[in-house]
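Undergrad: My structure is in query_33.pdb, and what it holds is PDB, C-alpha atoms and all ligand atoms:
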ATOM      1  CA  MET A   1     -31.934 -95.690 -64.213  1.00  0.00           C
ATOM      2  CA  PRO A   2     -31.741 -94.415 -67.825  1.00  0.00           C
ATOM      3  CA  ILE A   3     -29.546 -97.370 -68.790  1.00  0.00           C
ATOM      4  CA  GLY A   4     -31.754 -99.865 -66.981  1.00  0.00           C
ATOM      5  CA  ARG A   5     -29.377-100.673 -64.141  1.00  0.00           C
ATOM      6  CA  SER A   6     -30.412-101.181 -60.524  1.00  0.00           C
ATOM      7  CA  ILE A   7     -29.332 -98.439 -58.112  1.00  0.00           C
ATOM      8  CA  VAL A   8     -29.143-100.993 -55.273  1.00  0.00           C
ATOM      9  CA  LYS A   9     -27.670-104.241 -56.601  1.00  0.00           C
ATOM     10  CA  PRO A  10     -24.906-104.800 -57.481  1.00  0.00           C
ATOM     11  CA  GLY A  11     -23.081-102.120 -55.486  1.00  0.00           C
ATOM     12  CA  SER A  12     -21.016 -99.374 -57.137  1.00  0.00           C
ATOM     13  CA  PHE A  13     -18.468-100.535 -59.675  1.00  0.00           C
ATOM     14  CA  CYS A  14     -16.156 -98.903 -62.201  1.00  0.00           C
ATOM     15  CA  PRO A  15     -18.128 -98.528 -65.452  1.00  0.00           C
ATOM     16  CA  GLN A  16     -14.896 -99.097 -67.443  1.00  0.00           C
ATOM     17  CA  CYS A  17     -13.313-102.199 -65.870  1.00  0.00           C
ATOM     18  CA  LYS A  18     -16.312-103.329 -63.722  1.00  0.00           C
ATOM     19  CA  LYS A  19     -14.154-103.514 -60.569  1.00  0.00           C
ATOM     20  CA  PRO A  20     -16.364-103.288 -57.437  1.00  0.00           C
ATOM     21  CA  ILE A  21     -15.707-100.045 -55.544  1.00  0.00           C
ATOM     22  CA  LYS A  22     -14.612-100.492 -51.910  1.00  0.00           C
ATOM     23  CA  TRP A  23     -16.378 -98.412 -49.238  1.00  0.00           C
ATOM     24  CA  TYR A  24     -13.325 -96.214 -48.675  1.00  0.00           C
ATOM     25  CA  GLU A  25     -13.208 -95.477 -52.408  1.00  0.00           C
ATOM     26  CA  ASN A  26     -16.826 -94.325 -52.234  1.00  0.00           C
ATOM     27  CA  ILE A  27     -16.660 -91.496 -49.665  1.00  0.00           C
ATOM     28  CA  PRO A  28     -18.235 -88.396 -51.206  1.00  0.00           C
ATOM     29  CA  ILE A  29     -15.665 -85.962 -52.688  1.00  0.00           C
ATOM     30  CA  VAL A  30     -12.844 -87.249 -50.387  1.00  0.00           C
ATOM     31  CA  SER A  31     -12.349 -90.493 -52.335  1.00  0.00           C
ATOM     32  CA  PHE A  32     -12.453 -88.682 -55.671  1.00  0.00           C
ATOM     33  CA  LEU A  33      -9.641 -86.382 -54.485  1.00  0.00           C
ATOM     34  CA  LEU A  34      -7.590 -89.240 -52.946  1.00  0.00           C
ATOM     35  CA  LEU A  35      -7.951 -91.301 -56.136  1.00  0.00           C
ATOM     36  CA  LYS A  36      -7.037 -88.155 -58.141  1.00  0.00           C
ATOM     37  CA  GLY A  37     -10.168 -88.720 -60.213  1.00  0.00           C
ATOM     38  CA  LYS A  38      -9.000 -92.129 -61.508  1.00  0.00           C
ATOM     39  CA  CYS A  39     -10.178 -95.722 -60.978  1.00  0.00           C
ATOM     40  CA  SER A  40      -7.774 -97.533 -58.589  1.00  0.00           C
ATOM     41  CA  GLU A  41      -7.756-100.559 -60.919  1.00  0.00           C
ATOM     42  CA  CYS A  42      -7.818 -99.434 -64.569  1.00  0.00           C
ATOM     43  CA  LYS A  43      -6.742 -95.779 -63.980  1.00  0.00           C
ATOM     44  CA  LYS A  44      -9.439 -94.534 -66.341  1.00  0.00           C
ATOM     45  CA  PRO A  45     -10.881 -91.145 -65.308  1.00  0.00           C
ATOM     46  CA  ILE A  46     -13.938 -91.077 -63.010  1.00  0.00           C
ATOM     47  CA  SER A  47     -16.716 -88.859 -64.366  1.00  0.00           C
ATOM     48  CA  ILE A  48     -16.759 -85.351 -62.871  1.00  0.00           C
ATOM     49  CA  HIS A  49     -20.546 -85.845 -62.439  1.00  0.00           C
ATOM     50  CA  TYR A  50     -19.919 -87.851 -59.258  1.00  0.00           C
ATOM     51  CA  PRO A  51     -18.026 -85.220 -57.210  1.00  0.00           C
ATOM     52  CA  LEU A  52     -20.273 -82.443 -58.602  1.00  0.00           C
ATOM     53  CA  VAL A  53     -23.451 -84.193 -57.442  1.00  0.00           C
ATOM     54  CA  GLU A  54     -21.808 -85.022 -54.105  1.00  0.00           C
ATOM     55  CA  LEU A  55     -20.743 -81.408 -53.612  1.00  0.00           C
ATOM     56  CA  LEU A  56     -24.177 -80.081 -54.549  1.00  0.00           C
ATOM     57  CA  THR A  57     -25.889 -82.522 -52.167  1.00  0.00           C
ATOM     58  CA  GLY A  58     -23.538 -81.530 -49.333  1.00  0.00           C
ATOM     59  CA  LEU A  59     -24.221 -77.841 -50.004  1.00  0.00           C
ATOM     60  CA  ILE A  60     -27.960 -78.492 -49.880  1.00  0.00           C
ATOM     61  CA  PHE A  61     -27.650 -80.166 -46.462  1.00  0.00           C
ATOM     62  CA  LEU A  62     -25.645 -77.176 -45.222  1.00  0.00           C
ATOM     63  CA  VAL A  63     -27.907 -74.454 -46.671  1.00  0.00           C
ATOM     64  CA  LEU A  64     -31.093 -76.130 -45.380  1.00  0.00           C
ATOM     65  CA  PHE A  65     -29.550 -76.634 -41.946  1.00  0.00           C
ATOM     66  CA  LEU A  66     -28.484 -72.969 -41.754  1.00  0.00           C
ATOM     67  CA  LYS A  67     -31.900 -71.785 -42.899  1.00  0.00           C
ATOM     68  CA  PHE A  68     -34.270 -74.151 -41.050  1.00  0.00           C
ATOM     69  CA  ASP A  69     -32.161 -75.880 -38.339  1.00  0.00           C
ATOM     70  CA  ILE A  70     -33.045 -79.557 -37.677  1.00  0.00           C
ATOM     71  CA  GLY A  71     -36.799 -79.997 -37.811  1.00  0.00           C
ATOM     72  CA  MET A  72     -39.688 -81.035 -39.990  1.00  0.00           C
ATOM     73  CA  GLU A  73     -38.990 -78.455 -42.698  1.00  0.00           C
ATOM     74  CA  PHE A  74     -35.334 -79.514 -42.888  1.00  0.00           C
ATOM     75  CA  PHE A  75     -36.159 -83.160 -43.603  1.00  0.00           C
ATOM     76  CA  PHE A  76     -39.011 -82.530 -46.023  1.00  0.00           C
ATOM     77  CA  TYR A  77     -37.047 -79.924 -48.011  1.00  0.00           C
ATOM     78  CA  LEU A  78     -34.023 -82.229 -47.982  1.00  0.00           C
ATOM     79  CA  PHE A  79     -36.125 -84.910 -49.675  1.00  0.00           C
ATOM     80  CA  PHE A  80     -37.516 -82.291 -52.081  1.00  0.00           C
ATOM     81  CA  PHE A  81     -34.121 -80.845 -53.067  1.00  0.00           C
ATOM     82  CA  CYS A  82     -32.426 -84.259 -53.363  1.00  0.00           C
ATOM     83  CA  SER A  83     -35.247 -85.392 -55.686  1.00  0.00           C
ATOM     84  CA  LEU A  84     -34.661 -82.260 -57.770  1.00  0.00           C
ATOM     85  CA  ILE A  85     -30.936 -83.124 -58.098  1.00  0.00           C
ATOM     86  CA  VAL A  86     -31.726 -86.641 -59.342  1.00  0.00           C
ATOM     87  CA  ILE A  87     -34.429 -85.406 -61.733  1.00  0.00           C
ATOM     88  CA  SER A  88     -32.339 -82.513 -63.107  1.00  0.00           C
ATOM     89  CA  GLY A  89     -29.207 -84.630 -63.497  1.00  0.00           C
ATOM     90  CA  ILE A  90     -31.006 -87.353 -65.462  1.00  0.00           C
ATOM     91  CA  ASP A  91     -32.960 -84.775 -67.499  1.00  0.00           C
ATOM     92  CA  LEU A  92     -29.764 -82.880 -68.409  1.00  0.00           C
ATOM     93  CA  LEU A  93     -27.926 -86.018 -69.530  1.00  0.00           C
ATOM     94  CA  HIS A  94     -30.779 -88.046 -71.036  1.00  0.00           C
ATOM     95  CA  GLN A  95     -33.661 -85.607 -71.694  1.00  0.00           C
ATOM     96  CA  GLU A  96     -35.948 -87.816 -69.652  1.00  0.00           C
ATOM     97  CA  ILE A  97     -37.810 -87.541 -66.340  1.00  0.00           C
ATOM     98  CA  PHE A  98     -38.744 -90.846 -64.720  1.00  0.00           C
ATOM     99  CA  ASP A  99     -42.206 -91.073 -63.143  1.00  0.00           C
ATOM    100  CA  ILE A 100     -40.768 -92.843 -60.100  1.00  0.00           C
ATOM    101  CA  THR A 101     -38.479 -89.860 -59.366  1.00  0.00           C
ATOM    102  CA  ALA A 102     -41.342 -87.327 -59.355  1.00  0.00           C
ATOM    103  CA  ILE A 103     -44.667 -88.988 -58.457  1.00  0.00           C
ATOM    104  CA  PRO A 104     -43.739 -90.077 -54.880  1.00  0.00           C
ATOM    105  CA  GLY A 105     -42.679 -86.454 -54.248  1.00  0.00           C
ATOM    106  CA  ILE A 106     -46.210 -85.267 -55.061  1.00  0.00           C
ATOM    107  CA  PHE A 107     -47.566 -87.309 -52.131  1.00  0.00           C
ATOM    108  CA  ILE A 108     -44.686 -86.424 -49.797  1.00  0.00           C
ATOM    109  CA  GLY A 109     -45.251 -82.729 -50.613  1.00  0.00           C
ATOM    110  CA  LEU A 110     -48.939 -83.090 -49.765  1.00  0.00           C
ATOM    111  CA  ILE A 111     -48.131 -84.840 -46.466  1.00  0.00           C
ATOM    112  CA  PHE A 112     -45.798 -81.927 -45.652  1.00  0.00           C
ATOM    113  CA  GLN A 113     -48.543 -79.391 -46.377  1.00  0.00           C
ATOM    114  CA  LEU A 114     -51.057 -81.445 -44.368  1.00  0.00           C
ATOM    115  CA  LEU A 115     -48.737 -81.467 -41.340  1.00  0.00           C
ATOM    116  CA  ASN A 116     -48.317 -77.694 -41.742  1.00  0.00           C
ATOM    117  CA  GLY A 117     -52.073 -77.163 -41.963  1.00  0.00           C
ATOM    118  CA  ASN A 118     -51.691 -75.919 -45.558  1.00  0.00           C
ATOM    119  CA  ILE A 119     -53.229 -78.791 -47.482  1.00  0.00           C
ATOM    120  CA  LYS A 120     -55.416 -76.485 -49.588  1.00  0.00           C
ATOM    121  CA  VAL A 121     -52.412 -74.384 -50.638  1.00  0.00           C
ATOM    122  CA  GLY A 122     -50.525 -77.576 -51.573  1.00  0.00           C
ATOM    123  CA  LEU A 123     -53.418 -79.091 -53.526  1.00  0.00           C
ATOM    124  CA  ILE A 124     -54.016 -75.906 -55.528  1.00  0.00           C
ATOM    125  CA  GLY A 125     -50.255 -75.631 -56.202  1.00  0.00           C
ATOM    126  CA  LEU A 126     -50.169 -79.259 -57.363  1.00  0.00           C
ATOM    127  CA  PHE A 127     -53.128 -79.008 -59.745  1.00  0.00           C
ATOM    128  CA  PHE A 128     -52.312 -75.516 -60.985  1.00  0.00           C
ATOM    129  CA  GLY A 129     -48.650 -76.375 -61.723  1.00  0.00           C
ATOM    130  CA  GLY A 130     -49.291 -79.805 -63.201  1.00  0.00           C
ATOM    131  CA  GLY A 131     -52.348 -78.537 -65.068  1.00  0.00           C
ATOM    132  CA  LEU A 132     -50.548 -75.591 -66.641  1.00  0.00           C
ATOM    133  CA  ILE A 133     -47.688 -77.741 -67.970  1.00  0.00           C
ATOM    134  CA  LEU A 134     -50.211 -80.357 -69.160  1.00  0.00           C
ATOM    135  CA  LEU A 135     -52.061 -77.599 -71.046  1.00  0.00           C
ATOM    136  CA  ILE A 136     -48.794 -76.435 -72.677  1.00  0.00           C
ATOM    137  CA  ARG A 137     -48.096 -80.069 -73.596  1.00  0.00           C
ATOM    138  CA  VAL A 138     -51.512 -80.528 -75.224  1.00  0.00           C
ATOM    139  CA  ILE A 139     -51.399 -77.187 -77.103  1.00  0.00           C
ATOM    140  CA  GLY A 140     -47.789 -77.832 -78.182  1.00  0.00           C
ATOM    141  CA  LYS A 141     -48.804 -81.209 -79.636  1.00  0.00           C
ATOM    142  CA  LEU A 142     -51.681 -79.624 -81.579  1.00  0.00           C
ATOM    143  CA  VAL A 143     -49.662 -76.650 -82.879  1.00  0.00           C
ATOM    144  CA  TYR A 144     -46.173 -78.091 -83.415  1.00  0.00           C
ATOM    145  CA  LYS A 145     -47.196 -81.745 -83.913  1.00  0.00           C
ATOM    146  CA  LYS A 146     -44.451 -82.852 -81.509  1.00  0.00           C
ATOM    147  CA  GLU A 147     -43.791 -83.198 -77.791  1.00  0.00           C
ATOM    148  CA  VAL A 148     -42.819 -79.777 -76.362  1.00  0.00           C
ATOM    149  CA  MET A 149     -43.278 -80.948 -72.750  1.00  0.00           C
ATOM    150  CA  GLY A 150     -42.962 -84.520 -71.500  1.00  0.00           C
ATOM    151  CA  LEU A 151     -45.349 -86.117 -69.018  1.00  0.00           C
ATOM    152  CA  GLY A 152     -42.369 -86.113 -66.658  1.00  0.00           C
ATOM    153  CA  ASP A 153     -42.401 -82.297 -66.725  1.00  0.00           C
ATOM    154  CA  VAL A 154     -46.094 -82.414 -65.736  1.00  0.00           C
ATOM    155  CA  TYR A 155     -45.368 -84.687 -62.741  1.00  0.00           C
ATOM    156  CA  LEU A 156     -42.315 -82.646 -61.762  1.00  0.00           C
ATOM    157  CA  THR A 157     -44.282 -79.378 -61.780  1.00  0.00           C
ATOM    158  CA  ALA A 158     -47.077 -81.062 -59.802  1.00  0.00           C
ATOM    159  CA  MET A 159     -44.498 -82.189 -57.223  1.00  0.00           C
ATOM    160  CA  ILE A 160     -42.974 -78.705 -56.978  1.00  0.00           C
ATOM    161  CA  GLY A 161     -46.502 -77.258 -56.761  1.00  0.00           C
ATOM    162  CA  ALA A 162     -47.318 -79.566 -53.850  1.00  0.00           C
ATOM    163  CA  PHE A 163     -44.184 -78.424 -51.989  1.00  0.00           C
ATOM    164  CA  VAL A 164     -44.241 -74.674 -52.702  1.00  0.00           C
ATOM    165  CA  GLY A 165     -48.026 -74.291 -52.905  1.00  0.00           C
ATOM    166  CA  PHE A 166     -50.083 -71.655 -54.642  1.00  0.00           C
ATOM    167  CA  PRO A 167     -49.339 -68.877 -55.635  1.00  0.00           C
ATOM    168  CA  PHE A 168     -45.620 -69.676 -55.333  1.00  0.00           C
ATOM    169  CA  ILE A 169     -45.833 -72.265 -58.093  1.00  0.00           C
ATOM    170  CA  LEU A 170     -46.407 -69.301 -60.428  1.00  0.00           C
ATOM    171  CA  VAL A 171     -43.076 -67.782 -59.357  1.00  0.00           C
ATOM    172  CA  THR A 172     -41.417 -71.174 -59.896  1.00  0.00           C
ATOM    173  CA  ILE A 173     -42.758 -71.475 -63.443  1.00  0.00           C
ATOM    174  CA  PHE A 174     -41.836 -67.844 -64.171  1.00  0.00           C
ATOM    175  CA  CYS A 175     -38.240 -68.436 -62.932  1.00  0.00           C
ATOM    176  CA  ALA A 176     -38.055 -71.641 -65.004  1.00  0.00           C
ATOM    177  CA  ALA A 177     -39.313 -69.949 -68.167  1.00  0.00           C
ATOM    178  CA  LEU A 178     -36.928 -67.006 -67.679  1.00  0.00           C
ATOM    179  CA  THR A 179     -33.756 -69.009 -66.901  1.00  0.00           C
ATOM    180  CA  GLY A 180     -34.714 -71.650 -69.490  1.00  0.00           C
ATOM    181  CA  SER A 181     -35.126 -69.035 -72.225  1.00  0.00           C
ATOM    182  CA  ILE A 182     -31.843 -67.296 -71.413  1.00  0.00           C
ATOM    183  CA  MET A 183     -29.905 -70.575 -71.295  1.00  0.00           C
ATOM    184  CA  GLY A 184     -31.682 -71.828 -74.407  1.00  0.00           C
ATOM    185  CA  ILE A 185     -30.708 -68.742 -76.404  1.00  0.00           C
ATOM    186  CA  LEU A 186     -27.105 -68.923 -75.110  1.00  0.00           C
ATOM    187  CA  TYR A 187     -26.977 -72.635 -76.005  1.00  0.00           C
ATOM    188  CA  ILE A 188     -28.314 -72.091 -79.532  1.00  0.00           C
ATOM    189  CA  VAL A 189     -25.980 -69.119 -80.165  1.00  0.00           C
ATOM    190  CA  SER A 190     -22.852 -70.777 -78.691  1.00  0.00           C
ATOM    191  CA  THR A 191     -23.310 -74.202 -80.313  1.00  0.00           C
ATOM    192  CA  LYS A 192     -24.934 -72.879 -83.525  1.00  0.00           C
ATOM    193  CA  GLN A 193     -27.611 -75.571 -83.115  1.00  0.00           C
ATOM    194  CA  GLY A 194     -31.011 -75.132 -84.698  1.00  0.00           C
ATOM    195  CA  ARG A 195     -34.019 -74.083 -82.650  1.00  0.00           C
ATOM    196  CA  GLU A 196     -35.225 -77.660 -82.934  1.00  0.00           C
ATOM    197  CA  SER A 197     -32.562 -78.990 -80.548  1.00  0.00           C
ATOM    198  CA  PRO A 198     -34.227 -80.306 -77.373  1.00  0.00           C
ATOM    199  CA  ILE A 199     -33.585 -78.347 -74.178  1.00  0.00           C
ATOM    200  CA  PRO A 200     -34.532 -80.117 -70.935  1.00  0.00           C
ATOM    201  CA  PHE A 201     -36.957 -78.084 -68.822  1.00  0.00           C
ATOM    202  CA  GLY A 202     -36.575 -80.097 -65.585  1.00  0.00           C
ATOM    203  CA  PRO A 203     -33.406 -78.360 -64.350  1.00  0.00           C
ATOM    204  CA  PHE A 204     -35.015 -74.922 -64.799  1.00  0.00           C
ATOM    205  CA  LEU A 205     -38.197 -75.939 -62.985  1.00  0.00           C
ATOM    206  CA  SER A 206     -35.938 -77.252 -60.218  1.00  0.00           C
ATOM    207  CA  ILE A 207     -34.055 -73.946 -60.008  1.00  0.00           C
ATOM    208  CA  GLY A 208     -37.436 -72.184 -59.734  1.00  0.00           C
ATOM    209  CA  GLY A 209     -38.504 -74.508 -56.898  1.00  0.00           C
ATOM    210  CA  VAL A 210     -35.246 -73.982 -54.991  1.00  0.00           C
ATOM    211  CA  VAL A 211     -35.411 -70.184 -55.392  1.00  0.00           C
ATOM    212  CA  VAL A 212     -38.977 -70.068 -54.047  1.00  0.00           C
ATOM    213  CA  ILE A 213     -38.065 -72.094 -50.934  1.00  0.00           C
ATOM    214  CA  LEU A 214     -34.731 -70.434 -50.141  1.00  0.00           C
ATOM    215  CA  PHE A 215     -35.817 -66.871 -50.963  1.00  0.00           C
ATOM    216  CA  HIS A 216     -39.398 -67.204 -49.746  1.00  0.00           C
ATOM    217  CA  ASN A 217     -39.418 -63.910 -47.832  1.00  0.00           C
ATOM    218  CA  GLN A 218     -37.850 -61.920 -50.674  1.00  0.00           C
ATOM    219  CA  VAL A 219     -40.407 -63.369 -53.108  1.00  0.00           C
ATOM    220  CA  VAL A 220     -43.267 -62.383 -50.774  1.00  0.00           C
ATOM    221  CA  GLU A 221     -41.805 -58.869 -50.349  1.00  0.00           C
ATOM    222  CA  THR A 222     -41.380 -58.409 -54.090  1.00  0.00           C
ATOM    223  CA  PHE A 223     -44.992 -59.398 -54.721  1.00  0.00           C
ATOM    224  CA  ALA A 224     -46.204 -57.188 -51.868  1.00  0.00           C
ATOM    225  CA  LEU A 225     -44.309 -54.290 -53.460  1.00  0.00           C
ATOM    226  CA  LEU A 226     -45.967 -55.026 -56.765  1.00  0.00           C
ATOM    227  CA  GLY A 227     -49.297 -55.175 -54.951  1.00  0.00           C
ATOM    228  CA  VAL A 228     -50.075 -58.442 -56.673  1.00  0.00           C
ATOM    229  CA  PHE A 229     -51.152 -60.264 -53.539  1.00  0.00           C
ATOM    230  CA  LEU A 230     -51.031 -60.143 -49.728  1.00  0.00           C
TER     231      LEU A 230
HETATM  232 ZN    ZN A 301     -11.780 -99.169 -63.547  1.00  0.00          ZN
END
Rewrite the structure from the file as structure tokens, please.
TA:
Amino acid sequence: MPIGRSIVKPGSFCPQCKKPIKWYENIPIVSFLLLKGKCSECKKPISIHYPLVELLTGLIFLVLFLKFDIGMEFFFYLFFFCSLIVISGIDLLHQEIFDITAIPGIFIGLIFQLLNGNIKVGLIGLFFGGGLILLIRVIGKLVYKKEVMGLGDVYLTAMIGAFVGFPFILVTIFCAALTGSIMGILYIVSTKQGRESPIPFGPFLSIGGVVVILFHNQVVETFALLGVFL
């Protein structure tokens, strides 16, 4: 998507020599191992991104199955988590979040909440999350005279808000700010880059969303302990 290529047509091909990839060379992880990480035609290395994304996606299927078994939650969260992989991967590599990868998820998240009888929770999560990031974007533009948050971050947070609902969207944003700050400081210190270097926020928002879904009970217990709500 970032380089303007269709994800449907033509089918997969080697980016180096353009050789079309046969179905048996396209089996997640297995083919990468059998090909020893090299194109069967030109022998140039295949990017490690492919097996990593395949492994992560497989793990998500497994974790969601173990946690929710096969049912409505499994399929909706599968869509949610797979969207987060696509969004985070593109954001990490290209510092960009495409509207088409986040906006449909807002509606799917709302449908999920509607089916669960939690539409109000989803709507408040959506508008609170999206609204908060939009506010940071507007204030950042006024204060720093540059884009501190993209519109994509607004849509992504709205999508996560629709799925996790309110008040869990707050936990998501807190997790994102915390992990983002730690990684940002480590990145600046280790690469000796200036504070101006852009750090994508999408992957950290995604981590926050995943944590809230997978550790829902622990999050509720922690907040109950703190007496914040419930
Ligand atoms: Zn090749």
Undergrad: Using the chain letters and numbering of this document, enumerate as a PyMOL selection string the residues selected by the PyMOL selection byres (((not hetatm)) within 6 of (chain A and resi 301)).
TA: chain A and resi 14+16-17+19+39+41-42+44
Undergrad: For range 121-133 of chain A, what centre and edge lengths in Å (one decimal) does the axis-aligned box get once 3 Å is added on each side of all its listed atoms, as AutoDock Vina command-line options?
TA:
--center_x -50.9 --center_y -77.1 --center_z -59.3 --size_x 12.3 --size_y 11.4 --size_z 23.3
Undergrad: Pick the closest to Val211 in chain A from A:Val164, A:Val8, A:Leu33, A:Leu59: which is it, counting only C-alpha atoms?
TA: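 With only C-alpha atoms as the atom set, the closest residue is A:Val164.
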Undergrad: Could you list, as a PyMOL selection string, every residue matched by the PyMOL selection byres (((chain A and resi 80) around 10) and not hetatm) in this structure?
TA: chain A and resi 74-79+81-85+102+105-106+108-109+159-160+163+206+209-210
Undergrad: For the residues in the current selection, export C-alpha atoms as a PDB file, in the frame of the given file.
TA:
ATOM      1  CA  PHE A  74     -35.334 -79.514 -42.888  1.00  0.00           C
ATOM      2  CA  PHE A  75     -36.159 -83.160 -43.603  1.00  0.00           C
ATOM      3  CA  PHE A  76     -39.011 -82.530 -46.023  1.00  0.00           C
ATOM      4  CA  TYR A  77     -37.047 -79.924 -48.011  1.00  0.00           C
ATOM      5  CA  LEU A  78     -34.023 -82.229 -47.982  1.00  0.00           C
ATOM      6  CA  PHE A  79     -36.125 -84.910 -49.675  1.00  0.00           C
ATOM      7  CA  PHE A  81     -34.121 -80.845 -53.067  1.00  0.00           C
ATOM      8  CA  CYS A  82     -32.426 -84.259 -53.363  1.00  0.00           C
ATOM      9  CA  SER A  83     -35.247 -85.392 -55.686  1.00  0.00           C
ATOM     10  CA  LEU A  84     -34.661 -82.260 -57.770  1.00  0.00           C
ATOM     11  CA  ILE A  85     -30.936 -83.124 -58.098  1.00  0.00           C
ATOM     12  CA  ALA A 102     -41.342 -87.327 -59.355  1.00  0.00           C
ATOM     13  CA  GLY A 105     -42.679 -86.454 -54.248  1.00  0.00           C
ATOM     14  CA  ILE A 106     -46.210 -85.267 -55.061  1.00  0.00           C
ATOM     15  CA  ILE A 108     -44.686 -86.424 -49.797  1.00  0.00           C
ATOM     16  CA  GLY A 109     -45.251 -82.729 -50.613  1.00  0.00           C
ATOM     17  CA  MET A 159     -44.498 -82.189 -57.223  1.00  0.00           C
ATOM     18  CA  ILE A 160     -42.974 -78.705 -56.978  1.00  0.00           C
ATOM     19  CA  PHE A 163     -44.184 -78.424 -51.989  1.00  0.00           C
ATOM     20  CA  SER A 206     -35.938 -77.252 -60.218  1.00  0.00           C
ATOM     21  CA  GLY A 209     -38.504 -74.508 -56.898  1.00  0.00           C
ATOM     22  CA  VAL A 210     -35.246 -73.982 -54.991  1.00  0.00           C
TER      23      VAL A 210
END
Undergrad: Using Å and a single decimal, report how far CA of Leu92 in chain A sits from CA of Leu151 in chain A.
TA: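 Rounded to one decimal, the two atoms are 15.9 Å apart.
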Undergrad: Within 12 Å of (-27.2, -76.1, -48.7), all atoms listed in the file: residues as a ChimeraX atom specification?
TA: /A:54-69,74,77-78,81-82,210,213-214
Undergrad: For the atom pair CA of Gly71 in chain A and CA of Ala224 in chain A, what is the interatomic distance in Å to one decimal place?
TA: 28.4 Å
Undergrad: Assuming the chain letters and numbering stay as they are in my file, what does the PyMOL selection byres (((chain A and resi 51) around 9) and not hetatm) actually select? List them as a list in words.
TA: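 Answer for the PyMOL selection byres (((chain A and resi 51) around 9) and not hetatm): Pro28, Ile29, Val30, Phe32, Leu33, Ser47, Ile48, His49, Tyr50, Leu52, Val53, Glu54, Leu55 and Leu56 of chain A.
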Undergrad: So that I can see what lies close to range 134-148 of chain A, please list as a ChimeraX atom specification the residues with an atom at most 10 Å from it, counting all atoms listed in the file and leaving out residues fewer than 4 positions away in the same chain.
TA: /A:127-130,153-155,157-158,198-201
Undergrad: Restricting it to C-alpha atoms, dump the selection as an mmCIF file, in the coordinates of the input.
TA:
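Wrote part_4.cif, looks like this:
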data_model
loop_
_atom_site.group_PDB
_atom_site.id
_atom_site.type_symbol
_atom_site.label_atom_id
_atom_site.label_comp_id
_atom_site.auth_asym_id
_atom_site.auth_seq_id
_atom_site.Cartn_x
_atom_site.Cartn_y
_atom_site.Cartn_z
ATOM 1 C CA PHE A 127 -53.128 -79.008 -59.745
ATOM 2 C CA PHE A 128 -52.312 -75.516 -60.985
ATOM 3 C CA GLY A 129 -48.650 -76.375 -61.723
ATOM 4 C CA GLY A 130 -49.291 -79.805 -63.201
ATOM 5 C CA ASP A 153 -42.401 -82.297 -66.725
ATOM 6 C CA VAL A 154 -46.094 -82.414 -65.736
ATOM 7 C CA TYR A 155 -45.368 -84.687 -62.741
ATOM 8 C CA THR A 157 -44.282 -79.378 -61.780
ATOM 9 C CA ALA A 158 -47.077 -81.062 -59.802
ATOM 10 C CA PRO A 198 -34.227 -80.306 -77.373
ATOM 11 C CA ILE A 199 -33.585 -78.347 -74.178
ATOM 12 C CA PRO A 200 -34.532 -80.117 -70.935
ATOM 13 C CA PHE A 201 -36.957 -78.084 -68.822
#
Undergrad: Find the residue from A:Gly11, A:Leu226, A:Gly208, A:Thr101 that sits nearest to Gly152 in chain A; use only C-alpha atoms when measuring.
TA: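 Counting only C-alpha atoms, the residue closest to Gly152 in chain A is A:Thr101.
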